[in-house]
Every structure is written in structure tokens, then in C-alpha cells.
Amino acid sequence: MASVVRLGAQFPSRRLRTSARNMLDGIVTAIVHGPVNAEVGLLVNDCIVIDALVTNSCVTSLDLHPGGRAVALINASFITLLADTPGLRLSARNLIGGTVVDVTDSPVESEVVLDIGGGRELAAIVTSHSRRELNLVPGAHTLACFKASHIILAAEY
Amino acid sequence: MASVVRLGAQFPSRRLRTSARNMLDGIVTAIVHGPVNAEVGLLVNDCIVIDALVTNSCVTSLDLHPGGRAVALINASFITLLADTPGLRLSARNLIGGTVVDVTDSPVESEVVLDIGGGRELAAIVTSHSRRELNLVPGAHTLACFKASHIILAAEY
Amino acid sequence: MASVVRLGAQFPSRRLRTSARNMLDGIVTAIVHGPVNAEVGLLVNDCIVIDALVTNSCVTSLDLHPGGRAVALINASFITLLADTPGLRLSARNLIGGTVVDVTDSPVESEVVLDIGGGRELAAIVTSHSRRELNLVPGAHTLACFKASHIILAAEY
């Protein structure tokens with residue numbers, strides 16, 4: 001838990017307020033540059049590294065560097081939940097396990113909030129149809145997946 | 001219909017359960033590699049090939065190859081519905097015609113389910129405002145479009 | 001306001017009807033080609049240029065060129081709203097200020113419509129939780145951000 005406390009100590013999004021249901025601040029662990037885009041790893045709790053794909057020019061303008069800080073904005077509707085499936089392989093770079101802690105239903109869509117450990121939560125908007133099919137109720141274990149290219153990174157001066 | 005039955009014969013997502021409202025399994029028809037990404041064609045019924053854009057490394061890790069199988073996960077909120085428009089050209093790679101078979105409304109968003117042929121359905125979440133504007137009611141014909149880069153591919157060992 | 005009238009004079013989406021809550025037609029200002037993708041600037045009112053990322057082959061097939069016309073389709077659920085934050089830097093290419101003119105709530109998601117100037121509106125779907133947190137009510141000022149890669153461009157013959 002120590003590193004979580006450390007992560008929170010200079011919580012960069014204290015001033016940042018967005019409609020992105022998920023704002024995960026963390027420490028940049030690695031940056032791999034391609035010809036146009038870069039893959040940025042962001043450690044958001046003791047063990048979870050989120051992979052974000054941004055342009056190389058954005059790495060410069062946000063001054064992203066290993067050891068530096070950034071905030072990942074992840075739209076709740078960009079997250080797909082999966083039942084644990086043996087042998088499953090996915091093209092999505094991010095796959096995070098969690099326990100359902102809260103569910104809000106509407107006729108069409110439902111919000112499912114997961115505890116992903118280290119005091120961190122992840123909220124997903126899924127169709128109510130899928131919420132029922134997967135029996136996503138408090139206490140259920142599920143996997144959350146999302147694409148590296150769907151993440152917006154934010155930094156503050 | 002024969003090929004649809006064949007497609008279903010070894011339905012790879014029998015074990016795969018996700019909140020992605022659309023899980024279309026199919027046969028990989030072609031893979032075109034670029035410097036970083038690859039375009040993967042997936043035949044999901046007699047005549048519809050879905051184009052997915054994934055990283056080259058993902059083609060390897062999912063062991064994607066022509067003739068092999070994969071499942072396309074398409075978030076219902078990633079789908080845009082269009083009235084048939086003469087002369088329309090789009091930057092989205094996937095454009096599929098269908099007939100509305102079911103509609104669920106809420107004050108903000110509506111779920112519209114399309115029959116796209118070959119026993120396949122595609123569900124889209126659109127704003128209720130747009131649902132009314134486009135008069136999307138059961139029996140209406142519409143076009144569904146979505147970006148190749150929004151698709152997540154899954155495979156099983 | 002003169003240029004807005006001019007923009008509307010040959011409004012290309014008169015025939016185009018889609019479920020994309022946001023259809024902003026405009027004039028292509030610049031196209032910057034990369035190895036695979038191209039960045040297309042689209043002037044949608046007196047001062048707002050929207051950045052869209054599409055494939056190079058799409059630039060050809062849609063016949064996009066500076067001075068030509070195109071329509072940007074932006075899914076309302078792809079838009080993240082932000083409170084104005086001093087020193088904020090974002091990886092998302094598009095950041096547009098606006099004033100809330102309309103709000104529709106449901107238990108899970110809310111639609112927030114912004115006036116972005118020049119007679120143009122932008123609708124965002126955000127979680128109702130975020131809508132309340134950010135106090136997005138008519139008259140409030142907010143920033144809308146969205147990724148260049150989330151935009152679909154349309155053109156007509």
C-alpha cells in the first residue's frame with residue numbers, strides 16, 4: 001500500500017476536473033517510440049501498468065518521461081467487460097481484473113464500477129443487456145479491457 | 001445459409017463472454033501489414049467482411065492467419081447509423097446495411113438492433129435524439145458504420 | 001457571422017442523415033500526410049478548426065483537399081468535458097470551449113449540449129455522475145475534448 005500512498009501524495013489531478021469517469025494518475029514507466037506514435041506505460045497502483053498510445057509530438061508537448069507523472073483519462077463507454085475465459089487472447093493492450101462494487105441501471109445502459117486494487121476504481125458503461133447476460137452484480141469478478149489508442153493523457157505544468 | 005451454419009459449427013465464442021454487445025465470430029480472409037498496424041478482414045456471414053485494424057505484434061500473438069478464426073468485439077456505442085445517402089463517402093472502413101428489428105429507448109440513449117443478414121445482428125447505442133430524427137423503428141432500413149480501429153479482436157487457444 | 005452564413009450556403013449535409021449527434025460541416029484548411037495516416041484540418045466556424053486523423057487512402061477516396069468541403073461525424077459519447085484547468089496539457093488534439101445550453105439526464109448518462117459559437121453546437125454524452133460533479137448546468141462554461149482518431153469524415157459527390 002506504501003506506493004499507493006506515495007502515488008496519492010502529489011495527486012496531480014487534484015485541480016483537474018473532467019467528465020472522464022476514469023482519471024487514473026500514475027508514474028510513467030516506459031515510452032516506446034514508433035514512427036508516428038509512442039506507447040506510454042503508466043503505473044497506476046502497485047501492480048497495474050496502463051498502456052496508452054499517443055503521438056510522438058504529444059510526448060514532447062506533455063513532457064512525458066520515465067519517472068514523470070501523467071493522468072490517464074478513460075471514457076467509461078470505452079471499456080469492455082469480459083468474463084474470465086481460459087486461453088483468451090485480445091488485441092486490446094489493457095486487460096485489468098476487478099471486483100464489481102457498484103451497479104447503476106437504466107433501460108439501455110448500466111454503469112458498473114470495479115475495484116481494481118490499491119484503492120483504485122474503474123467505471124464502465126455497458127449495455128444493460130450485457131450487464132444482465134454477464135450477471136455483473138456487486139461481488140462478481142470480471143476483466144476490464146480497453147484499447148491503448150482510446151486513452152487521453154493529461155499533464156499539468 | 002450453409003456457410004452460416006458452417007460458421008456456427010465451431011463457434012469460437014461459446015466460452016467467450018464479454019460486455020461487448022456485438023461479438024461477431026468469423027474467418028480471417030486477408031491480412032495486410034503496414035509498418036506498425038495490420039488490416040485484418042473477417043468474414044462474418046455470407047457476404048460481410050469486417051475490417052479491423054490491429055498492431056502487427058497482435059497478429060502474431062493472436063496467431064491470426066487467412067482461414068483462421070477470430071471474434072470481433074464491437075462496442076455498441078462505437079456504431080454510427082446513417083440514412084442511405086446517394087453519393088456518400090466515408091472515412092470509416094466498415095459500412096453495413098441492416099433492418100431495424102428492435103429498439104429500446106431511454107431519455108438520453110437508445111439501443112437499436114439491426115438484422116444484417118445470415119442470422120447476424122448488430123446493436124448500436126445512439127442518442128435518443130438521433131433515434132427520433134432518423135425515425136429508426138422496427139422495419140426501417142439503415143446503414144451502420146464503424147471504424148476499423150475501434151474493433152477489438154479476440155482469439156482462443 | 002458572415003463566414004458562417006457562407007459555410008451554410010452549400011451545407012453539404014442537407015442530405016446526409018446519421019445518428020452521429022454531431023455533424024459539423026466545414027472547409028478543409030490543411031492536410032498533413034504521415035506514412036499511413038493524414039491529419040485533416042476542418043474549419044467549422046469562424047475560429048474553430050477540428051483535427052481529424054484518417055488514412056491516406058481515405059484522403060484520396062473522399063477527394064479531400066484544402067478549400068474543399070467535408071463533414072466531421074463525432075459520436076457524442078467520444079467527447080470528454082473538462083473544467084478549465086490552468087496549466088493543463090492534453091494528448092487529445094481537439095479542445096473546444098463552449099457554454100452549456102441544454103442538459104438531458106437519465107440515471108446513468110446525461111446529454112450535455114454546448115454552444116461553441118458561430119451557430120454551432122456540440123453534444124456530449126457523459127456519465128450523470130460526472131455531470132453532477134462538474135456542475136454542468138445551462139450557462140456553465142466548459143471545455144470539450146476529443147481525439148482526432150475518433151472522428152469520421154464524410155463527403156458527398
# chains A, B, ... in the order shown; residues from 1 in each chain; ligands from 1
call {"tool": "select_by_dssp", "arguments": {"residues": "region 19-140 of chain C", "states": "strand (DSSP E or B)", "output": "ChimeraX atom specification"}}
result
/C:22-33,37-43,49-55,69-74,80-82,88-90,94-105,109-117,120-127
call {"tool": "interface_residues", "arguments": {"of": "chain A", "to": "chain C", "cutoff": "8 Å", "atoms": "only C-alpha atoms", "output": "ChimeraX atom specification"}}
result
/A:15-21,36,54-55,58,61-62,75-77,104-106,109-111,152-157
call {"tool": "write_last_selection", "arguments": {"atoms": "C-alpha atoms", "output": "PDB file, in the first residue's frame"}}
result
ATOM      1  CA  ARG A  15      -7.038  20.501  -9.859  1.00  0.00           C
ATOM      2  CA  LEU A  16      -8.024  18.545 -12.959  1.00  0.00           C
ATOM      3  CA  ARG A  17     -11.763  18.082 -13.264  1.00  0.00           C
ATOM      4  CA  THR A  18     -13.185  16.243 -16.278  1.00  0.00           C
ATOM      5  CA  SER A  19     -16.229  14.235 -17.279  1.00  0.00           C
ATOM      6  CA  ALA A  20     -13.992  11.238 -17.934  1.00  0.00           C
ATOM      7  CA  ARG A  21     -15.412   8.851 -15.371  1.00  0.00           C
ATOM      8  CA  VAL A  36       4.450   8.434 -35.528  1.00  0.00           C
ATOM      9  CA  VAL A  54      -0.288   8.896 -28.188  1.00  0.00           C
ATOM     10  CA  THR A  55       1.582  10.785 -30.874  1.00  0.00           C
ATOM     11  CA  CYS A  58       2.387  14.775 -27.685  1.00  0.00           C
ATOM     12  CA  SER A  61       4.396  18.751 -25.539  1.00  0.00           C
ATOM     13  CA  LEU A  62       3.283  16.973 -22.357  1.00  0.00           C
ATOM     14  CA  ASN A  75     -14.072   7.236 -21.047  1.00  0.00           C
ATOM     15  CA  ALA A  76     -16.338   4.733 -19.236  1.00  0.00           C
ATOM     16  CA  SER A  77     -18.004   3.753 -22.521  1.00  0.00           C
ATOM     17  CA  THR A 104     -26.412   1.653 -11.663  1.00  0.00           C
ATOM     18  CA  ASP A 105     -29.012   0.520 -14.184  1.00  0.00           C
ATOM     19  CA  SER A 106     -31.085   2.284 -16.810  1.00  0.00           C
ATOM     20  CA  GLU A 109     -27.086   1.278 -20.375  1.00  0.00           C
ATOM     21  CA  SER A 110     -25.642   0.413 -16.987  1.00  0.00           C
ATOM     22  CA  GLU A 111     -22.672   1.749 -15.104  1.00  0.00           C
ATOM     23  CA  ILE A 152      -6.251  10.519 -23.392  1.00  0.00           C
ATOM     24  CA  LEU A 153      -3.212  11.514 -21.357  1.00  0.00           C
ATOM     25  CA  ALA A 154      -3.144  14.758 -19.406  1.00  0.00           C
ATOM     26  CA  ALA A 155      -0.316  16.530 -17.605  1.00  0.00           C
ATOM     27  CA  GLU A 156      -0.047  19.751 -15.696  1.00  0.00           C
ATOM     28  CA  TYR A 157       2.735  22.309 -15.679  1.00  0.00           C
TER      29      TYR A 157
END
call {"tool": "select_by_dssp", "arguments": {"residues": "region 25-143 of chain B", "states": "alpha helix (DSSP H)", "output": "ChimeraX atom specification"}}
result
/B:56-61,128-133
call {"tool": "write_last_selection", "arguments": {"atoms": "N, CA, C and O atoms", "output": "PDB file, in the first residue's frame"}}
result
ATOM      1  N   ASN B  56       0.719  -5.053 -35.660  1.00  0.00           N
ATOM      2  CA  ASN B  56       1.369  -6.229 -36.230  1.00  0.00           C
ATOM      3  C   ASN B  56       1.707  -7.252 -35.148  1.00  0.00           C
ATOM      4  O   ASN B  56       1.567  -8.459 -35.348  1.00  0.00           O
ATOM      5  N   SER B  57       2.131  -6.775 -33.995  1.00  0.00           N
ATOM      6  CA  SER B  57       2.509  -7.705 -32.928  1.00  0.00           C
ATOM      7  C   SER B  57       1.294  -8.490 -32.444  1.00  0.00           C
ATOM      8  O   SER B  57       1.407  -9.639 -32.023  1.00  0.00           O
ATOM      9  N   CYS B  58       0.133  -7.870 -32.567  1.00  0.00           N
ATOM     10  CA  CYS B  58      -1.090  -8.561 -32.157  1.00  0.00           C
ATOM     11  C   CYS B  58      -1.459  -9.673 -33.145  1.00  0.00           C
ATOM     12  O   CYS B  58      -1.999 -10.696 -32.754  1.00  0.00           O
ATOM     13  N   VAL B  59      -1.147  -9.464 -34.427  1.00  0.00           N
ATOM     14  CA  VAL B  59      -1.391 -10.522 -35.427  1.00  0.00           C
ATOM     15  C   VAL B  59      -0.626 -11.772 -35.034  1.00  0.00           C
ATOM     16  O   VAL B  59      -1.131 -12.901 -35.109  1.00  0.00           O
ATOM     17  N   THR B  60       0.610 -11.577 -34.569  1.00  0.00           N
ATOM     18  CA  THR B  60       1.433 -12.697 -34.131  1.00  0.00           C
ATOM     19  C   THR B  60       0.899 -13.310 -32.844  1.00  0.00           C
ATOM     20  O   THR B  60       0.702 -14.528 -32.761  1.00  0.00           O
ATOM     21  N   SER B  61       0.624 -12.486 -31.858  1.00  0.00           N
ATOM     22  CA  SER B  61       0.246 -13.038 -30.553  1.00  0.00           C
ATOM     23  C   SER B  61      -1.124 -13.723 -30.598  1.00  0.00           C
ATOM     24  O   SER B  61      -1.374 -14.650 -29.841  1.00  0.00           O
ATOM     25  N   SER B 128     -31.006   9.237 -28.152  1.00  0.00           N
ATOM     26  CA  SER B 128     -32.448   9.125 -28.404  1.00  0.00           C
ATOM     27  C   SER B 128     -32.880  10.223 -29.370  1.00  0.00           C
ATOM     28  O   SER B 128     -33.795  10.041 -30.186  1.00  0.00           O
ATOM     29  N   HIS B 129     -32.191  11.348 -29.283  1.00  0.00           N
ATOM     30  CA  HIS B 129     -32.430  12.453 -30.212  1.00  0.00           C
ATOM     31  C   HIS B 129     -32.233  11.985 -31.662  1.00  0.00           C
ATOM     32  O   HIS B 129     -33.094  12.185 -32.528  1.00  0.00           O
ATOM     33  N   SER B 130     -31.127  11.315 -31.927  1.00  0.00           N
ATOM     34  CA  SER B 130     -30.844  10.823 -33.281  1.00  0.00           C
ATOM     35  C   SER B 130     -31.808   9.702 -33.677  1.00  0.00           C
ATOM     36  O   SER B 130     -32.199   9.587 -34.836  1.00  0.00           O
ATOM     37  N   ARG B 131     -32.170   8.884 -32.721  1.00  0.00           N
ATOM     38  CA  ARG B 131     -33.084   7.769 -32.991  1.00  0.00           C
ATOM     39  C   ARG B 131     -34.401   8.305 -33.538  1.00  0.00           C
ATOM     40  O   ARG B 131     -34.960   7.777 -34.514  1.00  0.00           O
ATOM     41  N   ARG B 132     -34.872   9.386 -32.928  1.00  0.00           N
ATOM     42  CA  ARG B 132     -36.120  10.004 -33.386  1.00  0.00           C
ATOM     43  C   ARG B 132     -35.911  10.705 -34.735  1.00  0.00           C
ATOM     44  O   ARG B 132     -36.718  10.552 -35.658  1.00  0.00           O
ATOM     45  N   GLU B 133     -34.809  11.471 -34.839  1.00  0.00           N
ATOM     46  CA  GLU B 133     -34.510  12.217 -36.072  1.00  0.00           C
ATOM     47  C   GLU B 133     -34.480  11.294 -37.290  1.00  0.00           C
ATOM     48  O   GLU B 133     -34.949  11.647 -38.364  1.00  0.00           O
TER      49      GLU B 133
END
call {"tool": "residues_around", "arguments": {"residues": "Thr99 (chain B)", "least_positions_apart": "2", "cutoff": "8 Å", "atoms": "only C-alpha atoms", "output": "PDB file with C-alpha atoms, in the first residue's frame"}}
result
ATOM      1  CA  GLY B  97     -26.740  -2.332 -44.259  1.00  0.00           C
ATOM      2  CA  VAL B 101     -35.577  -5.381 -35.530  1.00  0.00           C
ATOM      3  CA  LEU B 114     -30.228  -4.451 -36.734  1.00  0.00           C
ATOM      4  CA  ASP B 115     -30.618  -7.675 -38.670  1.00  0.00           C
ATOM      5  CA  ILE B 116     -27.602  -7.669 -41.001  1.00  0.00           C
ATOM      6  CA  PRO B 138     -38.618  -1.744 -36.450  1.00  0.00           C
ATOM      7  CA  GLY B 139     -38.671  -2.412 -40.180  1.00  0.00           C
ATOM      8  CA  ALA B 140     -36.627   0.655 -41.125  1.00  0.00           C
ATOM      9  CA  HIS B 141     -33.554   0.137 -43.274  1.00  0.00           C
ATOM     10  CA  THR B 142     -30.350   1.827 -42.179  1.00  0.00           C
TER      11      THR B 142
END
